[in-house]
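For reference, work06.txt (compact mmCIF, C-alpha atoms):
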# COMPACT_ATOMS: atom_id res chain seq x y z
CA MET A 1 127.58 121.02 94.89
CA LYS A 2 124.23 122.21 96.16
CA ARG A 3 122.71 121.21 99.47
CA CYS A 4 119.10 120.24 100.00
CA GLU A 5 118.15 120.44 103.67
CA LEU A 6 115.72 117.69 104.58
CA PHE A 7 113.78 117.69 107.85
CA LEU A 8 112.40 114.17 108.21
CA PHE A 9 109.36 114.08 110.51
CA ARG A 10 107.41 111.11 111.75
CA HIS A 11 103.62 111.63 111.61
CA ALA A 12 101.67 112.39 114.79
CA GLN A 13 100.31 109.69 117.10
CA THR A 14 97.28 107.74 115.86
CA ARG A 15 94.71 105.66 117.69
CA TRP A 16 96.40 102.51 116.42
CA ASN A 17 99.75 103.74 117.75
CA LEU A 18 98.05 103.98 121.15
CA GLU A 19 96.58 100.50 120.75
CA ARG A 20 99.96 99.15 119.57
CA ARG A 21 98.56 97.95 116.24
CA PHE A 22 100.48 97.53 113.01
CA GLN A 23 99.30 100.20 110.57
CA GLY A 24 101.38 99.79 107.44
CA HIS A 25 99.33 101.02 104.47
CA GLN A 26 96.12 101.18 106.50
CA ASP A 27 95.20 104.26 108.47
CA SER A 28 93.63 105.18 111.74
CA PRO A 29 92.71 108.70 112.86
CA LEU A 30 95.06 110.85 114.89
CA SER A 31 94.60 110.53 118.64
CA GLU A 32 93.89 113.57 120.81
CA LEU A 33 97.59 113.66 121.64
CA GLY A 34 98.35 113.34 117.91
CA VAL A 35 96.32 116.47 117.18
CA GLU A 36 98.25 118.34 119.90
CA GLN A 37 101.57 117.01 118.54
CA SER A 38 100.59 118.25 115.07
CA LYS A 39 99.86 121.71 116.46
CA LYS A 40 103.25 121.78 118.22
CA MET A 41 104.82 120.70 114.94
CA GLY A 42 103.43 123.93 113.48
CA LYS A 43 105.73 125.85 115.85
CA ILE A 44 108.66 123.72 114.70
CA LEU A 45 107.80 124.48 111.06
CA GLU A 46 107.76 128.16 111.94
CA ALA A 47 111.31 127.86 113.30
CA ILE A 48 112.56 125.74 110.38
CA ASN A 49 110.70 127.82 107.77
CA PRO A 50 110.75 125.18 104.99
CA ASP A 51 110.34 126.17 101.36
CA LEU A 52 107.94 123.27 100.79
CA LEU A 53 106.60 120.10 102.37
CA MET A 54 106.50 116.53 101.12
CA THR A 55 104.21 113.97 102.70
CA SER A 56 103.38 110.32 102.41
CA THR A 57 100.08 109.60 100.67
CA LEU A 58 98.70 108.03 103.85
CA ASN A 59 96.08 110.05 105.74
CA ARG A 60 97.92 110.11 109.07
CA ALA A 61 100.88 111.90 107.48
CA LYS A 62 98.67 114.23 105.44
CA GLU A 63 96.51 115.10 108.47
CA THR A 64 99.60 115.77 110.59
CA THR A 65 100.86 118.11 107.87
CA ARG A 66 97.50 119.85 107.43
CA ILE A 67 97.11 120.59 111.15
CA ALA A 68 100.74 121.73 111.49
CA MET A 69 100.41 124.07 108.50
CA GLU A 70 97.14 125.45 109.84
CA GLU A 71 98.80 126.14 113.20
CA TRP A 72 101.79 127.74 111.50
CA GLY A 73 99.45 129.98 109.52
CA GLN A 74 101.69 130.06 106.45
CA THR A 75 101.13 128.85 102.92
CA ARG A 76 103.66 126.48 101.41
CA ALA A 77 103.40 123.98 98.61
CA VAL A 78 102.60 120.48 99.95
CA TYR A 79 103.35 117.52 97.70
CA GLU A 80 102.48 113.85 98.20
CA MET A 81 104.82 110.98 97.36
CA GLU A 82 103.72 107.35 97.23
CA ALA A 83 107.29 106.21 97.96
CA LEU A 84 107.20 107.90 101.39
CA LYS A 85 104.48 105.49 102.64
CA GLU A 86 105.09 103.22 105.59
CA ALA A 87 106.19 99.63 105.08
CA TYR A 88 103.50 97.29 103.82
CA PHE A 89 102.64 94.79 106.57
CA GLY A 90 99.93 92.83 104.73
CA PRO A 91 98.36 90.29 107.14
CA TRP A 92 99.71 92.11 110.20
CA GLU A 93 97.94 95.39 109.42
CA GLY A 94 95.21 96.29 111.89
CA ILE A 95 96.18 93.73 114.52
CA THR A 96 98.10 94.35 117.73
CA ILE A 97 101.77 93.60 118.24
CA GLU A 98 100.76 91.01 120.86
CA GLN A 99 98.46 89.27 118.37
CA VAL A 100 101.25 89.20 115.78
CA LYS A 101 103.64 87.73 118.37
CA GLN A 102 101.12 84.98 119.16
CA THR A 103 100.05 84.22 115.59
CA TYR A 104 103.42 84.66 113.84
CA PRO A 105 106.01 84.10 116.61
CA ASP A 106 108.94 83.03 114.39
CA GLU A 107 108.30 85.68 111.75
CA PHE A 108 107.91 88.43 114.35
CA HIS A 109 111.15 87.37 116.04
CA ARG A 110 113.02 87.51 112.71
CA HIS A 111 111.42 90.87 111.89
CA LYS A 112 112.87 92.33 115.10
CA THR A 113 116.19 90.48 115.41
CA THR A 114 117.37 89.89 111.83
CA PRO A 115 115.67 92.61 109.77
CA HIS A 116 118.18 92.23 106.93
CA LEU A 117 117.06 88.60 106.46
CA PHE A 118 113.36 89.06 107.18
CA GLN A 119 111.08 87.82 104.43
CA MET A 120 107.43 86.90 104.65
CA GLU A 121 104.79 86.55 101.96
CA GLY A 122 102.80 89.78 101.73
CA ILE A 123 105.10 91.87 103.94
CA GLU A 124 107.63 94.36 102.60
CA GLY A 125 111.26 93.64 103.49
CA TYR A 126 113.61 96.17 105.05
CA GLU A 127 115.93 96.32 102.03
CA HIS A 128 113.03 97.20 99.75
CA ILE A 129 111.75 99.85 102.18
CA GLN A 130 115.23 101.35 102.41
CA LYS A 131 115.75 101.45 98.64
CA ARG A 132 112.43 103.12 97.84
CA ALA A 133 112.88 105.63 100.69
CA ILE A 134 116.42 106.60 99.65
CA ASP A 135 115.34 106.86 96.00
CA ALA A 136 112.49 109.18 97.08
CA LEU A 137 114.81 111.43 99.11
CA LYS A 138 117.32 111.57 96.24
CA LYS A 139 114.51 112.65 93.92
CA ILE A 140 113.43 115.37 96.34
CA ALA A 141 117.02 116.64 96.63
CA LEU A 142 117.48 116.60 92.84
CA ASP A 143 114.15 118.34 92.21
CA TYR A 144 114.68 120.96 94.95
CA PRO A 145 118.40 121.71 95.29
CA SER A 146 119.27 124.55 97.67
CA LYS A 147 115.81 124.26 99.24
CA ARG A 148 114.71 123.45 102.77
CA VAL A 149 112.15 120.63 102.65
CA ALA A 150 110.05 119.21 105.49
CA VAL A 151 109.18 115.56 104.85
CA VAL A 152 106.37 113.90 106.83
CA THR A 153 106.63 110.14 106.78
CA HIS A 154 106.65 107.01 108.98
CA GLY A 155 108.58 105.19 111.68
CA LEU A 156 109.97 102.05 110.03
CA LEU A 157 110.74 103.96 106.85
CA LEU A 158 112.71 106.49 108.94
CA LEU A 159 114.61 103.67 110.64
CA CYS A 160 115.69 102.35 107.24
CA VAL A 161 116.65 105.83 105.99
CA LEU A 162 118.70 106.59 109.10
CA ALA A 163 120.53 103.26 108.76
CA ALA A 164 121.53 104.21 105.20
CA VAL A 165 122.48 107.80 106.03
CA ARG A 166 124.51 106.78 109.09
CA GLU A 167 126.03 103.80 107.23
CA ILE A 168 124.72 101.31 109.77
CA PRO A 169 124.02 97.86 108.33
CA LEU A 170 120.35 96.91 108.41
CA GLU A 171 121.11 93.93 110.66
CA MET A 172 122.21 96.41 113.37
CA ALA A 173 119.58 99.10 112.70
CA ARG A 174 117.18 98.15 115.49
CA GLU A 175 119.89 98.04 118.15
CA LYS A 176 121.76 101.18 116.99
CA ILE A 177 118.92 103.50 115.94
CA GLU A 178 115.91 104.73 117.84
CA ILE A 179 112.86 105.35 115.67
CA PRO A 180 111.89 109.02 116.10
CA ASP A 181 108.85 109.58 118.28
CA ASN A 182 105.68 111.01 116.74
CA THR A 183 106.38 114.45 115.18
CA GLN A 184 110.07 114.33 116.09
CA TYR A 185 112.37 115.08 113.19
CA VAL A 186 115.87 114.39 111.99
CA ARG A 187 117.77 116.88 109.80
CA VAL A 188 119.72 115.48 106.85
CA ASP A 189 121.81 117.48 104.37
CA TRP A 190 121.65 115.93 100.91
CA LEU A 191 124.36 117.07 98.51
CA VAL A 192 123.45 117.43 94.84
CA GLU A 193 125.92 118.07 92.04
CA ASP A 194 125.40 121.27 90.05

Structure rendered as structure tokens:
Amino acid sequence: MKRCELFLFRHAQTRWNLERRFQGHQDSPLSELGVEQSKKMGKILEAINPDLLMTSTLNRAKETTRIAMEEWGQTRAVYEMEALKEAYFGPWEGITIEQVKQTYPDEFHRHKTTPHLFQMEGIEGYEHIQKRAIDALKKIALDYPSKRVAVVTHGLLLLCVLAAVREIPLEMAREKIEIPDNTQYVRVDWLVED
């Protein structure tokens, strides 16, 4: 067995994070704090010393990675993966959490309290998010066995990954798992057969 060390980072804070807006597949620029978080992440990368970096194709993850790498001052291969994108929130994207609560009260309640059952036209379900995220991490581990890989991705995707890795059912994920804060990371060892 070979071990791929994965360091799963959440992207830096964006303006929409500050405004408490759903982002999903849309983007907003990093906030001033987000830029500072990205620079501090460069120091973390220096300590981790990854062999390569993987990032979501969304700009907030790519910009976090770019600033962190610039701060670190090292050159490493950076690859983008579509499957590492945040959940697709369709009609909720760009509007505040409060607006979603008012406009879609029942759906929002189900999204938070029964994520394993949540379904809404145009919004990606938790099970689908979890499957594509786990498949992406398996592919990284298979493609880069015995490597140390920093992965820059998104909050809800990380929640779903951590539920799978920690064997916590999705229906309990929100009460048992805290979504990592911006630029926090979780280390996961992925075992790959020789």

Give me the residues within 8 Å of segment 16-20 of chain A as a list in words, counting only C-alpha atoms and dropping any in the same chain fewer than 4 places off.
Ser28, Ser31, Gly94, Thr96 and Ile97 of chain A

Excluding Lys62 of chain A and its own-chain neighbours fewer than 3 positions away, which residues fall within 12 Å of it when counting all atoms listed in the file? Please give them as a PDB file with C-alpha atoms, in the frame of the given file.
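That gives us selection34.pdb:
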ATOM      1  CA  PHE A   9     109.360 114.080 110.510  1.00  0.00           C
ATOM      2  CA  ARG A  10     107.410 111.110 111.750  1.00  0.00           C
ATOM      3  CA  HIS A  11     103.620 111.630 111.610  1.00  0.00           C
ATOM      4  CA  ALA A  12     101.670 112.390 114.790  1.00  0.00           C
ATOM      5  CA  ASP A  27      95.200 104.260 108.470  1.00  0.00           C
ATOM      6  CA  PRO A  29      92.710 108.700 112.860  1.00  0.00           C
ATOM      7  CA  LEU A  30      95.060 110.850 114.890  1.00  0.00           C
ATOM      8  CA  SER A  38     100.590 118.250 115.070  1.00  0.00           C
ATOM      9  CA  LEU A  53     106.600 120.100 102.370  1.00  0.00           C
ATOM     10  CA  MET A  54     106.500 116.530 101.120  1.00  0.00           C
ATOM     11  CA  THR A  55     104.210 113.970 102.700  1.00  0.00           C
ATOM     12  CA  SER A  56     103.380 110.320 102.410  1.00  0.00           C
ATOM     13  CA  THR A  57     100.080 109.600 100.670  1.00  0.00           C
ATOM     14  CA  LEU A  58      98.700 108.030 103.850  1.00  0.00           C
ATOM     15  CA  ASN A  59      96.080 110.050 105.740  1.00  0.00           C
ATOM     16  CA  THR A  65     100.860 118.110 107.870  1.00  0.00           C
ATOM     17  CA  ARG A  66      97.500 119.850 107.430  1.00  0.00           C
ATOM     18  CA  ILE A  67      97.110 120.590 111.150  1.00  0.00           C
ATOM     19  CA  ALA A  68     100.740 121.730 111.490  1.00  0.00           C
ATOM     20  CA  MET A  69     100.410 124.070 108.500  1.00  0.00           C
ATOM     21  CA  VAL A  78     102.600 120.480  99.950  1.00  0.00           C
ATOM     22  CA  TYR A  79     103.350 117.520  97.700  1.00  0.00           C
ATOM     23  CA  GLU A  80     102.480 113.850  98.200  1.00  0.00           C
ATOM     24  CA  MET A  81     104.820 110.980  97.360  1.00  0.00           C
ATOM     25  CA  GLU A  82     103.720 107.350  97.230  1.00  0.00           C
ATOM     26  CA  LEU A  84     107.200 107.900 101.390  1.00  0.00           C
ATOM     27  CA  LYS A  85     104.480 105.490 102.640  1.00  0.00           C
ATOM     28  CA  VAL A 151     109.180 115.560 104.850  1.00  0.00           C
ATOM     29  CA  VAL A 152     106.370 113.900 106.830  1.00  0.00           C
ATOM     30  CA  THR A 153     106.630 110.140 106.780  1.00  0.00           C
ATOM     31  CA  HIS A 154     106.650 107.010 108.980  1.00  0.00           C
TER      32      HIS A 154
END

Have a look at A:Glu171, A:Glu86, A:Asp189, A:Glu5 and name the one nearest to Arg60 of chain A; count all atoms listed in the file.
A:Glu86

Under the rule that only C-alpha atoms are counted, which of A:Val165, A:Leu8, A:Met120, A:Val188 is the nearest residue to Pro91 of chain A?
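Under the stated criterion, the closest residue is A:Met120.
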
When you count all atoms listed in the file, which of these residues is closest to Gly73 of chain A: A:Ile95, A:Ala141, A:Leu45, A:Ala136?
A:Leu45

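Note that atom CA of Ser146 of chain A and atom CA of Ala77 of chain A are 15.9 Å apart.
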
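The space between atom CA of Gly125 of chain A and atom CA of Glu63 of chain A spans 26.5 Å.
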
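Distance cut-off 7 Å, centre (114.2, 117.0, 112.0), atoms counted all atoms listed in the file; the residues meeting this are Phe7, Leu8, Phe9, Gln184, Tyr185, Val186 and Arg187 of chain A.
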